[in-house]
Amino acid sequence: MKLSDLRIMARALIPGSKVGSIKNPLLDAILNAGVLDIATHTACLKTNKKFTVTAEDYDYSLSSVLGDYLVMDRPGIYWNAGTAAAPDWQQLDPRTLKYFDRHSSDWRDDDSDDPLEYSIDGDVLTLRPTPDTTLANGLWIYYGKRPTPMTAPGHYSFSGSTTEYTHLSVFDDVILAYWEWKAQKILNKGQDQYKLKETAYRAIREEKFSLFKRRPDISFHRDAKLQGRKLRS
C-alpha cells in the first residue's frame with residue numbers, strides 16, 4: 001500500500017486523528033516505525049551479500065560492511081575456504097561470545113586460520129578463528145535488511161520507493177494495527193486501551209506472518225504427500 005493510502009486508512013480507523021491533532025510527519029514516522037518493527041520480527045526483506053575479510057581481524061561491524069543489516073536469516077554465514085577465482089563455500093557454525101569464552105577463555109589469542117564459527121553481538125560479527133588471509137568477498141551472509149522509509153505519498157511500504165513489493169502487501173493491515181496501537185498514547189486514550197491495541201497488533205502480526213511463510217507448492221507437492229507415517233508390515 002502507498003503512503004498516501006496508508007494515511008487515509010489510518011485517519012479513517014481513528015477519527016480523532018485529524019491533521020490538526022496528528023500532522024503527516026508524525027503519522028508517517030509511526031507508519032515507518034511499524035514497517036521497521038514488522039521487518040525486524042519477520043525478516044521479510046531477505047537478502048544476501050558478500051564482503052571482504054581482512055587478515056588478523058576477527059570483529060566486523062555489520063552496519064558498516066553491509067549497510068542495510070537488520071537481522072540474521074536462517075542460512076547464516078559462509079566462508080570462502082578456496083580463493084576468489086575458485087571459491088569453496090563452507091557454512092560457519094553460529095555461536096555466542098559466552099560460548100567462545102566458556103570453551104576457550106583465550107580464544108582471542110588463538111592462531112589465525114580459516115574461520116569455523118561466528119558470533120553476532122548487537123552489530124558486531126566475530127569470527128573464530130581469526131582469518132589468516134585478506135580475501136575479497138570472503139564472507140557470504142544471509143540476512144533480513146532494513147526497509148527504506150516512505151518519504152513521499154507515492155512510496156510503497158518496505159521499498160520506500162515507487163516500486164511495490166507485492167508479496168509484502170499481506171502486512172498492510174499490520175502496519176495500520178501498529179498505528180492504532182501507538183496513536184492511543186498520543187490521543188490520551190488511557191493505558192488499558194493502549195495495552196489492548198498492543199495485544200491486537202502482536203496477534204495480527206503473527207497471523208499475517210504465518211500467511212507470508214506458507215508454501216502450498218511444497219505442502220501439496222506429491223513428494224510431501226508421500227512422506228506420511230510408514231505402516232509396519
# chains A, B, ... in the order shown; residues from 1 in each chain; ligands from 1
call {"tool": "residues_around", "arguments": {"residues": "region 58-75 of chain A", "least_positions_apart": "5", "cutoff": "8 Å", "atoms": "only C-alpha atoms", "output": "tab-separated table (two decimals) with C-alpha atoms, in the first residue's frame"}}
result
chain	number	residue	atom	x	y	z
A	40	THR	CA	12.60	-6.89	12.42
A	43	ALA	CA	12.99	-10.83	8.35
A	46	LYS	CA	15.56	-11.33	2.80
A	49	LYS	CA	25.78	-10.11	0.37
A	51	PHE	CA	32.07	-8.76	1.83
A	123	ASP	CA	26.04	-5.04	15.42
A	124	VAL	CA	29.36	-6.86	15.85
A	125	LEU	CA	30.21	-10.02	13.92
A	126	THR	CA	33.06	-12.01	15.50
A	127	LEU	CA	34.88	-14.79	13.65
A	128	ARG	CA	36.73	-17.69	15.23
A	129	PRO	CA	39.48	-18.43	14.42
A	130	THR	CA	40.66	-15.07	13.16
A	131	PRO	CA	41.07	-15.11	9.35
A	142	TYR	CA	22.23	-14.14	4.57
A	143	TYR	CA	20.12	-11.61	6.47
A	144	GLY	CA	16.95	-9.56	6.62
A	145	LYS	CA	17.61	-6.00	5.55
A	146	ARG	CA	16.27	-2.75	6.94
call {"tool": "residues_around", "arguments": {"residues": "Leu92 (chain A)", "least_positions_apart": "6", "cutoff": "10 Å", "atoms": "only C-alpha atoms", "output": "PDB file with C-alpha atoms, in the first residue's frame"}}
result
ATOM      1  CA  PRO A  75      21.165 -19.827   6.239  1.00  0.00           C
ATOM      2  CA  GLY A  76      23.628 -17.777   8.299  1.00  0.00           C
ATOM      3  CA  ILE A  77      27.184 -17.144   7.130  1.00  0.00           C
ATOM      4  CA  TYR A  78      29.508 -18.919   4.705  1.00  0.00           C
ATOM      5  CA  TRP A  79      33.296 -18.663   4.500  1.00  0.00           C
ATOM      6  CA  PRO A 115      37.105 -19.309  10.391  1.00  0.00           C
ATOM      7  CA  LEU A 116      34.864 -22.133  11.596  1.00  0.00           C
ATOM      8  CA  GLU A 117      32.433 -20.290  13.881  1.00  0.00           C
ATOM      9  CA  TYR A 118      30.890 -16.871  14.300  1.00  0.00           C
ATOM     10  CA  SER A 119      29.094 -14.837  16.918  1.00  0.00           C
ATOM     11  CA  LEU A 127      34.881 -14.788  13.648  1.00  0.00           C
ATOM     12  CA  ARG A 128      36.726 -17.693  15.229  1.00  0.00           C
ATOM     13  CA  LEU A 139      32.229 -13.992   3.670  1.00  0.00           C
TER      14      LEU A 139
END
call {"tool": "select_by_dssp", "arguments": {"residues": "region 63-160 of chain A", "states": "alpha helix (DSSP H)", "output": "PyMOL selection string"}}
result
chain A and resi 63-65+97-103
call {"tool": "write_last_selection", "arguments": {"atoms": "C-alpha atoms", "output": "CSV table (one decimal), in the first residue's frame"}}
result
chain,number,residue,atom,x,y,z
A,63,SER,CA,26.1,-2.0,9.6
A,64,SER,CA,29.4,-0.9,8.0
A,65,VAL,CA,30.2,-3.9,5.8
A,97,LEU,CA,30.6,-14.8,22.8
A,98,LYS,CA,29.6,-16.6,26.0
A,99,TYR,CA,30.1,-19.9,24.2
A,100,PHE,CA,33.6,-18.8,23.0
A,101,ASP,CA,34.6,-17.8,26.5
A,102,ARG,CA,33.3,-20.9,28.1
A,103,HIS,CA,35.1,-23.3,25.7
call {"tool": "residues_around", "arguments": {"residues": "Leu31 (chain A)", "least_positions_apart": "6", "cutoff": "9 Å", "atoms": "only C-alpha atoms", "output": "list in words"}}
result
Leu3, Leu6, Arg7, Ala10, Met150, Ser157, Ile175, Leu176, Tyr178 and Trp179 of chain A
call {"tool": "write_last_selection", "arguments": {"atoms": "C-alpha atoms", "output": "compact mmCIF listing (two decimals), in the first residue's frame"}}
result
# COMPACT_ATOMS: atom_id res chain seq x y z
CA LEU A 3 1.94 6.04 1.90
CA LEU A 6 -1.94 4.33 4.48
CA ARG A 7 -2.53 7.91 5.63
CA ALA A 10 -5.01 5.42 9.34
CA MET A 150 8.48 6.07 2.88
CA SER A 157 5.88 0.34 2.29
CA ILE A 175 1.15 -1.56 9.64
CA LEU A 176 -2.23 0.01 10.34
CA TYR A 178 0.75 -0.69 14.69
CA TRP A 179 -0.53 2.83 14.03
call {"tool": "closest_residue", "arguments": {"among": "A:Ala136, A:Asp106, A:Thr166, A:Ile186", "to": "Ser21 (chain A)", "atoms": "only C-alpha atoms"}}
result
A:Ile186
call {"tool": "residues_around", "arguments": {"residues": "Met1 (chain A)", "least_positions_apart": "2", "cutoff": "10 Å", "atoms": "only C-alpha atoms", "output": "list in words"}}
result
Leu3, Ser4, Asp5, Leu6, Gly154, His155, Tyr156, Ser157, Phe158, Glu164, Tyr165, Thr166, Leu168, Ser169, Val170, Phe171, Asp172, Asp173 and Ile175 of chain A
call {"tool": "write_last_selection", "arguments": {"atoms": "N, CA and C atoms", "output": "PDB file, in the first residue's frame"}}
result
ATOM      1  N   LEU A   3       2.019   5.197   0.716  1.00  0.00           N
ATOM      2  CA  LEU A   3       1.939   6.039   1.901  1.00  0.00           C
ATOM      3  C   LEU A   3       0.660   6.864   1.893  1.00  0.00           C
ATOM      4  N   SER A   4       0.277   7.375   0.734  1.00  0.00           N
ATOM      5  CA  SER A   4      -0.951   8.177   0.656  1.00  0.00           C
ATOM      6  C   SER A   4      -2.165   7.356   1.077  1.00  0.00           C
ATOM      7  N   ASP A   5      -2.217   6.089   0.683  1.00  0.00           N
ATOM      8  CA  ASP A   5      -3.335   5.218   1.062  1.00  0.00           C
ATOM      9  C   ASP A   5      -3.284   4.874   2.545  1.00  0.00           C
ATOM     10  N   LEU A   6      -2.086   4.635   3.063  1.00  0.00           N
ATOM     11  CA  LEU A   6      -1.945   4.335   4.483  1.00  0.00           C
ATOM     12  C   LEU A   6      -2.403   5.520   5.331  1.00  0.00           C
ATOM     13  N   GLY A 154       3.654   8.745  -2.910  1.00  0.00           N
ATOM     14  CA  GLY A 154       3.632   7.643  -3.864  1.00  0.00           C
ATOM     15  C   GLY A 154       4.542   6.490  -3.521  1.00  0.00           C
ATOM     16  N   HIS A 155       5.215   6.557  -2.371  1.00  0.00           N
ATOM     17  CA  HIS A 155       6.120   5.483  -1.960  1.00  0.00           C
ATOM     18  C   HIS A 155       5.348   4.328  -1.333  1.00  0.00           C
ATOM     19  N   TYR A 156       5.789   3.117  -1.662  1.00  0.00           N
ATOM     20  CA  TYR A 156       5.203   1.920  -1.073  1.00  0.00           C
ATOM     21  C   TYR A 156       5.958   1.521   0.193  1.00  0.00           C
ATOM     22  N   SER A 157       5.241   0.847   1.083  1.00  0.00           N
ATOM     23  CA  SER A 157       5.878   0.342   2.295  1.00  0.00           C
ATOM     24  C   SER A 157       6.928  -0.702   1.943  1.00  0.00           C
ATOM     25  N   PHE A 158       7.931  -0.791   2.781  1.00  0.00           N
ATOM     26  CA  PHE A 158       9.062  -1.709   2.689  1.00  0.00           C
ATOM     27  C   PHE A 158      10.081  -1.304   1.625  1.00  0.00           C
ATOM     28  N   GLU A 164       6.537  -1.462  -5.868  1.00  0.00           N
ATOM     29  CA  GLU A 164       5.733  -2.202  -4.890  1.00  0.00           C
ATOM     30  C   GLU A 164       6.253  -3.627  -4.749  1.00  0.00           C
ATOM     31  N   TYR A 165       6.484  -4.053  -3.510  1.00  0.00           N
ATOM     32  CA  TYR A 165       6.796  -5.454  -3.217  1.00  0.00           C
ATOM     33  C   TYR A 165       5.460  -6.149  -2.950  1.00  0.00           C
ATOM     34  N   THR A 166       4.868  -6.684  -3.993  1.00  0.00           N
ATOM     35  CA  THR A 166       3.501  -7.205  -3.877  1.00  0.00           C
ATOM     36  C   THR A 166       3.389  -8.337  -2.856  1.00  0.00           C
ATOM     37  N   LEU A 168       4.613  -8.498  -0.060  1.00  0.00           N
ATOM     38  CA  LEU A 168       4.575  -7.971   1.298  1.00  0.00           C
ATOM     39  C   LEU A 168       3.290  -7.198   1.590  1.00  0.00           C
ATOM     40  N   SER A 169       2.376  -7.158   0.631  1.00  0.00           N
ATOM     41  CA  SER A 169       1.110  -6.457   0.859  1.00  0.00           C
ATOM     42  C   SER A 169       0.283  -7.144   1.945  1.00  0.00           C
ATOM     43  N   VAL A 170       0.611  -8.396   2.263  1.00  0.00           N
ATOM     44  CA  VAL A 170      -0.069  -9.107   3.343  1.00  0.00           C
ATOM     45  C   VAL A 170       0.101  -8.383   4.674  1.00  0.00           C
ATOM     46  N   PHE A 171       1.122  -7.531   4.785  1.00  0.00           N
ATOM     47  CA  PHE A 171       1.389  -6.821   6.037  1.00  0.00           C
ATOM     48  C   PHE A 171       0.738  -5.448   6.114  1.00  0.00           C
ATOM     49  N   ASP A 172      -0.070  -5.055   5.122  1.00  0.00           N
ATOM     50  CA  ASP A 172      -0.702  -3.734   5.150  1.00  0.00           C
ATOM     51  C   ASP A 172      -1.539  -3.536   6.410  1.00  0.00           C
ATOM     52  N   ASP A 173      -2.350  -4.543   6.746  1.00  0.00           N
ATOM     53  CA  ASP A 173      -3.195  -4.438   7.937  1.00  0.00           C
ATOM     54  C   ASP A 173      -2.356  -4.383   9.211  1.00  0.00           C
ATOM     55  N   ILE A 175       0.642  -2.930   9.524  1.00  0.00           N
ATOM     56  CA  ILE A 175       1.150  -1.561   9.637  1.00  0.00           C
ATOM     57  C   ILE A 175       0.089  -0.663  10.269  1.00  0.00           C
TER      58      ILE A 175
END
call {"tool": "closest_residue", "arguments": {"among": "A:Leu135, A:Met9, A:Val19, A:Leu27", "to": "Lys182 (chain A)", "atoms": "only C-alpha atoms"}}
result
A:Leu27
call {"tool": "select_by_dssp", "arguments": {"residues": "region 11-185 of chain A", "states": "strand (DSSP E or B)", "output": "NGL selection string"}}
result
:A and (46-53 or 59-61 or 69-80 or 89-91 or 93-95 or 113 or 117-121 or 124-128 or 131 or 135-145 or 156)
call {"tool": "write_last_selection", "arguments": {"atoms": "N, CA and C atoms", "output": "compact mmCIF listing (two decimals), in the first residue's frame"}}
result
# COMPACT_ATOMS: atom_id res chain seq x y z
N LYS A 46 14.40 -10.45 2.85
CA LYS A 46 15.56 -11.33 2.80
C LYS A 46 16.52 -10.93 1.69
N THR A 47 17.80 -10.98 2.00
CA THR A 47 18.82 -10.68 1.00
C THR A 47 20.11 -11.37 1.42
N ASN A 48 21.13 -11.24 0.62
CA ASN A 48 22.44 -11.78 0.96
C ASN A 48 23.51 -10.95 0.28
N LYS A 49 24.67 -10.87 0.92
CA LYS A 49 25.78 -10.11 0.37
C LYS A 49 27.09 -10.79 0.73
N LYS A 50 28.08 -10.55 -0.10
CA LYS A 50 29.45 -10.96 0.21
C LYS A 50 30.24 -9.71 0.61
N PHE A 51 31.21 -9.89 1.50
CA PHE A 51 32.07 -8.76 1.83
C PHE A 51 33.48 -9.24 2.16
N THR A 52 34.40 -8.30 2.10
CA THR A 52 35.82 -8.60 2.26
C THR A 52 36.19 -8.82 3.72
N VAL A 53 37.01 -9.84 3.97
CA VAL A 53 37.57 -10.05 5.30
C VAL A 53 39.05 -9.70 5.26
N ASP A 59 36.73 -8.99 14.27
CA ASP A 59 35.49 -8.25 14.52
C ASP A 59 35.12 -7.38 13.32
N TYR A 60 33.83 -7.39 12.95
CA TYR A 60 33.34 -6.59 11.83
C TYR A 60 32.00 -5.97 12.21
N SER A 61 31.84 -4.69 11.90
CA SER A 61 30.57 -4.01 12.12
C SER A 61 29.64 -4.32 10.95
N TYR A 69 21.94 -3.89 7.20
CA TYR A 69 21.70 -5.06 8.05
C TYR A 69 20.66 -4.76 9.12
N LEU A 70 19.75 -5.72 9.32
CA LEU A 70 18.74 -5.60 10.38
C LEU A 70 18.76 -6.84 11.27
N VAL A 71 18.53 -8.02 10.69
CA VAL A 71 18.51 -9.27 11.46
C VAL A 71 19.11 -10.39 10.61
N MET A 72 19.57 -11.44 11.29
CA MET A 72 20.11 -12.59 10.56
C MET A 72 18.99 -13.43 9.96
N ASP A 73 19.32 -14.14 8.90
CA ASP A 73 18.41 -15.10 8.29
C ASP A 73 18.95 -16.51 8.54
N ARG A 74 18.11 -17.51 8.37
CA ARG A 74 18.44 -18.87 8.76
C ARG A 74 19.69 -19.46 8.10
N PRO A 75 19.96 -19.22 6.82
CA PRO A 75 21.16 -19.83 6.24
C PRO A 75 22.45 -19.39 6.91
N GLY A 76 22.47 -18.21 7.54
CA GLY A 76 23.63 -17.78 8.30
C GLY A 76 24.76 -17.25 7.45
N ILE A 77 25.98 -17.70 7.75
CA ILE A 77 27.18 -17.14 7.13
C ILE A 77 28.05 -18.26 6.56
N TYR A 78 28.61 -17.97 5.38
CA TYR A 78 29.51 -18.92 4.71
C TYR A 78 30.87 -18.27 4.51
N TRP A 79 31.91 -19.09 4.68
CA TRP A 79 33.30 -18.66 4.50
C TRP A 79 33.84 -19.28 3.23
N ASN A 80 34.56 -18.48 2.45
CA ASN A 80 35.18 -18.98 1.24
C ASN A 80 36.51 -19.63 1.60
N TRP A 89 32.68 -22.60 -0.67
CA TRP A 89 31.89 -22.02 0.41
C TRP A 89 31.58 -23.06 1.49
N GLN A 90 31.98 -22.73 2.73
CA GLN A 90 31.76 -23.59 3.88
C GLN A 90 30.90 -22.85 4.91
N GLN A 91 29.80 -23.49 5.34
CA GLN A 91 28.92 -22.84 6.31
C GLN A 91 29.57 -22.81 7.68
N ASP A 93 29.54 -22.26 11.88
CA ASP A 93 28.64 -22.61 12.98
C ASP A 93 28.32 -21.37 13.80
N PRO A 94 27.03 -21.09 14.04
CA PRO A 94 26.65 -19.93 14.85
C PRO A 94 26.85 -20.19 16.33
N ARG A 95 27.48 -19.25 17.00
CA ARG A 95 27.76 -19.37 18.43
C ARG A 95 27.43 -18.04 19.11
N ASP A 113 43.45 -18.69 11.16
CA ASP A 113 43.21 -19.82 10.25
C ASP A 113 41.91 -19.55 9.51
N GLU A 117 33.59 -20.70 13.09
CA GLU A 117 32.43 -20.29 13.88
C GLU A 117 32.29 -18.77 13.84
N TYR A 118 31.09 -18.31 14.20
CA TYR A 118 30.89 -16.87 14.30
C TYR A 118 29.92 -16.57 15.43
N SER A 119 30.03 -15.35 15.93
CA SER A 119 29.09 -14.84 16.92
C SER A 119 28.61 -13.47 16.45
N ILE A 120 27.37 -13.14 16.76
CA ILE A 120 26.85 -11.80 16.49
C ILE A 120 26.32 -11.24 17.80
N ASP A 121 26.90 -10.14 18.23
CA ASP A 121 26.51 -9.47 19.46
C ASP A 121 26.14 -8.04 19.09
N VAL A 124 27.99 -6.37 16.04
CA VAL A 124 29.36 -6.86 15.85
C VAL A 124 29.38 -8.34 15.50
N LEU A 125 29.96 -8.64 14.36
CA LEU A 125 30.21 -10.02 13.92
C LEU A 125 31.62 -10.40 14.35
N THR A 126 31.75 -11.52 15.05
CA THR A 126 33.06 -12.01 15.50
C THR A 126 33.33 -13.37 14.89
N LEU A 127 34.50 -13.53 14.28
CA LEU A 127 34.88 -14.79 13.65
C LEU A 127 35.88 -15.54 14.52
N ARG A 128 35.77 -16.85 14.51
CA ARG A 128 36.73 -17.69 15.23
C ARG A 128 37.04 -18.92 14.38
N PRO A 131 40.61 -14.81 10.71
CA PRO A 131 41.07 -15.11 9.35
C PRO A 131 42.57 -14.91 9.20
N LEU A 135 40.73 -11.50 2.02
CA LEU A 135 40.07 -12.11 0.87
C LEU A 135 38.85 -11.29 0.48
N ALA A 136 38.86 -10.77 -0.73
CA ALA A 136 37.70 -10.04 -1.25
C ALA A 136 36.51 -10.99 -1.34
N ASN A 137 35.36 -10.55 -0.86
CA ASN A 137 34.16 -11.38 -0.85
C ASN A 137 34.42 -12.71 -0.14
N GLY A 138 35.16 -12.65 0.96
CA GLY A 138 35.49 -13.86 1.70
C GLY A 138 34.35 -14.41 2.53
N LEU A 139 33.40 -13.55 2.91
CA LEU A 139 32.23 -13.99 3.67
C LEU A 139 30.96 -13.73 2.88
N TRP A 140 30.03 -14.65 3.02
CA TRP A 140 28.73 -14.55 2.35
C TRP A 140 27.68 -14.68 3.44
N ILE A 141 26.92 -13.61 3.66
CA ILE A 141 25.98 -13.56 4.78
C ILE A 141 24.55 -13.41 4.29
N TYR A 142 23.66 -14.18 4.89
CA TYR A 142 22.23 -14.14 4.57
C TYR A 142 21.51 -13.44 5.73
N TYR A 143 20.72 -12.42 5.41
CA TYR A 143 20.12 -11.61 6.47
C TYR A 143 18.84 -10.94 5.99
N GLY A 144 18.10 -10.38 6.93
CA GLY A 144 16.95 -9.56 6.62
C GLY A 144 17.39 -8.11 6.66
N LYS A 145 17.12 -7.37 5.60
CA LYS A 145 17.61 -6.00 5.55
C LYS A 145 16.60 -5.00 6.10
N TYR A 156 5.79 3.12 -1.66
CA TYR A 156 5.20 1.92 -1.07
C TYR A 156 5.96 1.52 0.19
call {"tool": "atom_distance", "arguments": {"atom1": "CA of Gln193 (chain A)", "atom2": "CA of Lys2 (chain A)"}}
result
27.7 Å
call {"tool": "closest_residue", "arguments": {"among": "A:Phe212, A:Gly82, A:Trp181, A:Arg108", "to": "Thr199 (chain A)", "atoms": "only C-alpha atoms"}}
result
A:Trp181
call {"tool": "decode", "arguments": {"residues": "region 116-148 of chain A", "atoms": "N, CA and C atoms", "output": "tab-separated table (two decimals), in the first residue's frame"}}
result
chain	number	residue	atom	x	y	z
A	116	LEU	N	35.77	-20.99	11.49
A	116	LEU	CA	34.86	-22.13	11.60
A	116	LEU	C	33.55	-21.75	12.28
A	117	GLU	N	33.59	-20.70	13.09
A	117	GLU	CA	32.43	-20.29	13.88
A	117	GLU	C	32.29	-18.77	13.84
A	118	TYR	N	31.09	-18.31	14.20
A	118	TYR	CA	30.89	-16.87	14.30
A	118	TYR	C	29.92	-16.57	15.43
A	119	SER	N	30.03	-15.35	15.93
A	119	SER	CA	29.09	-14.84	16.92
A	119	SER	C	28.61	-13.47	16.45
A	120	ILE	N	27.37	-13.14	16.76
A	120	ILE	CA	26.85	-11.80	16.49
A	120	ILE	C	26.32	-11.24	17.80
A	121	ASP	N	26.90	-10.14	18.23
A	121	ASP	CA	26.51	-9.47	19.46
A	121	ASP	C	26.14	-8.04	19.09
A	122	GLY	N	24.84	-7.78	18.99
A	122	GLY	CA	24.40	-6.48	18.52
A	122	GLY	C	24.75	-6.29	17.06
A	123	ASP	N	25.62	-5.34	16.79
A	123	ASP	CA	26.04	-5.04	15.42
A	123	ASP	C	27.37	-5.71	15.06
A	124	VAL	N	27.99	-6.37	16.04
A	124	VAL	CA	29.36	-6.86	15.85
A	124	VAL	C	29.38	-8.34	15.50
A	125	LEU	N	29.96	-8.64	14.36
A	125	LEU	CA	30.21	-10.02	13.92
A	125	LEU	C	31.62	-10.40	14.35
A	126	THR	N	31.75	-11.52	15.05
A	126	THR	CA	33.06	-12.01	15.50
A	126	THR	C	33.33	-13.37	14.89
A	127	LEU	N	34.50	-13.53	14.28
A	127	LEU	CA	34.88	-14.79	13.65
A	127	LEU	C	35.88	-15.54	14.52
A	128	ARG	N	35.77	-16.85	14.51
A	128	ARG	CA	36.73	-17.69	15.23
A	128	ARG	C	37.04	-18.92	14.38
A	129	PRO	N	38.30	-19.23	14.13
A	129	PRO	CA	39.48	-18.43	14.42
A	129	PRO	C	39.51	-17.14	13.60
A	130	THR	N	40.44	-16.29	13.93
A	130	THR	CA	40.66	-15.07	13.16
A	130	THR	C	41.14	-15.43	11.76
A	131	PRO	N	40.61	-14.81	10.71
A	131	PRO	CA	41.07	-15.11	9.35
A	131	PRO	C	42.57	-14.91	9.20
A	132	ASP	N	43.21	-15.82	8.48
A	132	ASP	CA	44.66	-15.70	8.28
A	132	ASP	C	45.01	-15.08	6.94
A	133	THR	N	43.96	-14.63	6.20
A	133	THR	CA	44.21	-14.04	4.89
A	133	THR	C	43.19	-12.95	4.61
A	134	THR	N	43.60	-11.96	3.86
A	134	THR	CA	42.66	-10.95	3.37
A	134	THR	C	42.06	-11.47	2.07
A	135	LEU	N	40.73	-11.50	2.02
A	135	LEU	CA	40.07	-12.11	0.87
A	135	LEU	C	38.85	-11.29	0.48
A	136	ALA	N	38.86	-10.77	-0.73
A	136	ALA	CA	37.70	-10.04	-1.25
A	136	ALA	C	36.51	-10.99	-1.34
A	137	ASN	N	35.36	-10.55	-0.86
A	137	ASN	CA	34.16	-11.38	-0.85
A	137	ASN	C	34.42	-12.71	-0.14
A	138	GLY	N	35.16	-12.65	0.96
A	138	GLY	CA	35.49	-13.86	1.70
A	138	GLY	C	34.35	-14.41	2.53
A	139	LEU	N	33.40	-13.55	2.91
A	139	LEU	CA	32.23	-13.99	3.67
A	139	LEU	C	30.96	-13.73	2.88
A	140	TRP	N	30.03	-14.65	3.02
A	140	TRP	CA	28.73	-14.55	2.35
A	140	TRP	C	27.68	-14.68	3.44
A	141	ILE	N	26.92	-13.61	3.66
A	141	ILE	CA	25.98	-13.56	4.78
A	141	ILE	C	24.55	-13.41	4.29
A	142	TYR	N	23.66	-14.18	4.89
A	142	TYR	CA	22.23	-14.14	4.57
A	142	TYR	C	21.51	-13.44	5.73
A	143	TYR	N	20.72	-12.42	5.41
A	143	TYR	CA	20.12	-11.61	6.47
A	143	TYR	C	18.84	-10.94	5.99
A	144	GLY	N	18.10	-10.38	6.93
A	144	GLY	CA	16.95	-9.56	6.62
A	144	GLY	C	17.39	-8.11	6.66
A	145	LYS	N	17.12	-7.37	5.60
A	145	LYS	CA	17.61	-6.00	5.55
A	145	LYS	C	16.60	-5.00	6.10
A	146	ARG	N	17.10	-3.83	6.41
A	146	ARG	CA	16.27	-2.75	6.94
A	146	ARG	C	15.44	-2.13	5.82
A	147	PRO	N	14.14	-1.90	6.04
A	147	PRO	CA	13.32	-1.27	5.00
A	147	PRO	C	13.70	0.19	4.80
A	148	THR	N	13.52	0.67	3.59
A	148	THR	CA	13.73	2.08	3.29
A	148	THR	C	12.47	2.86	3.65
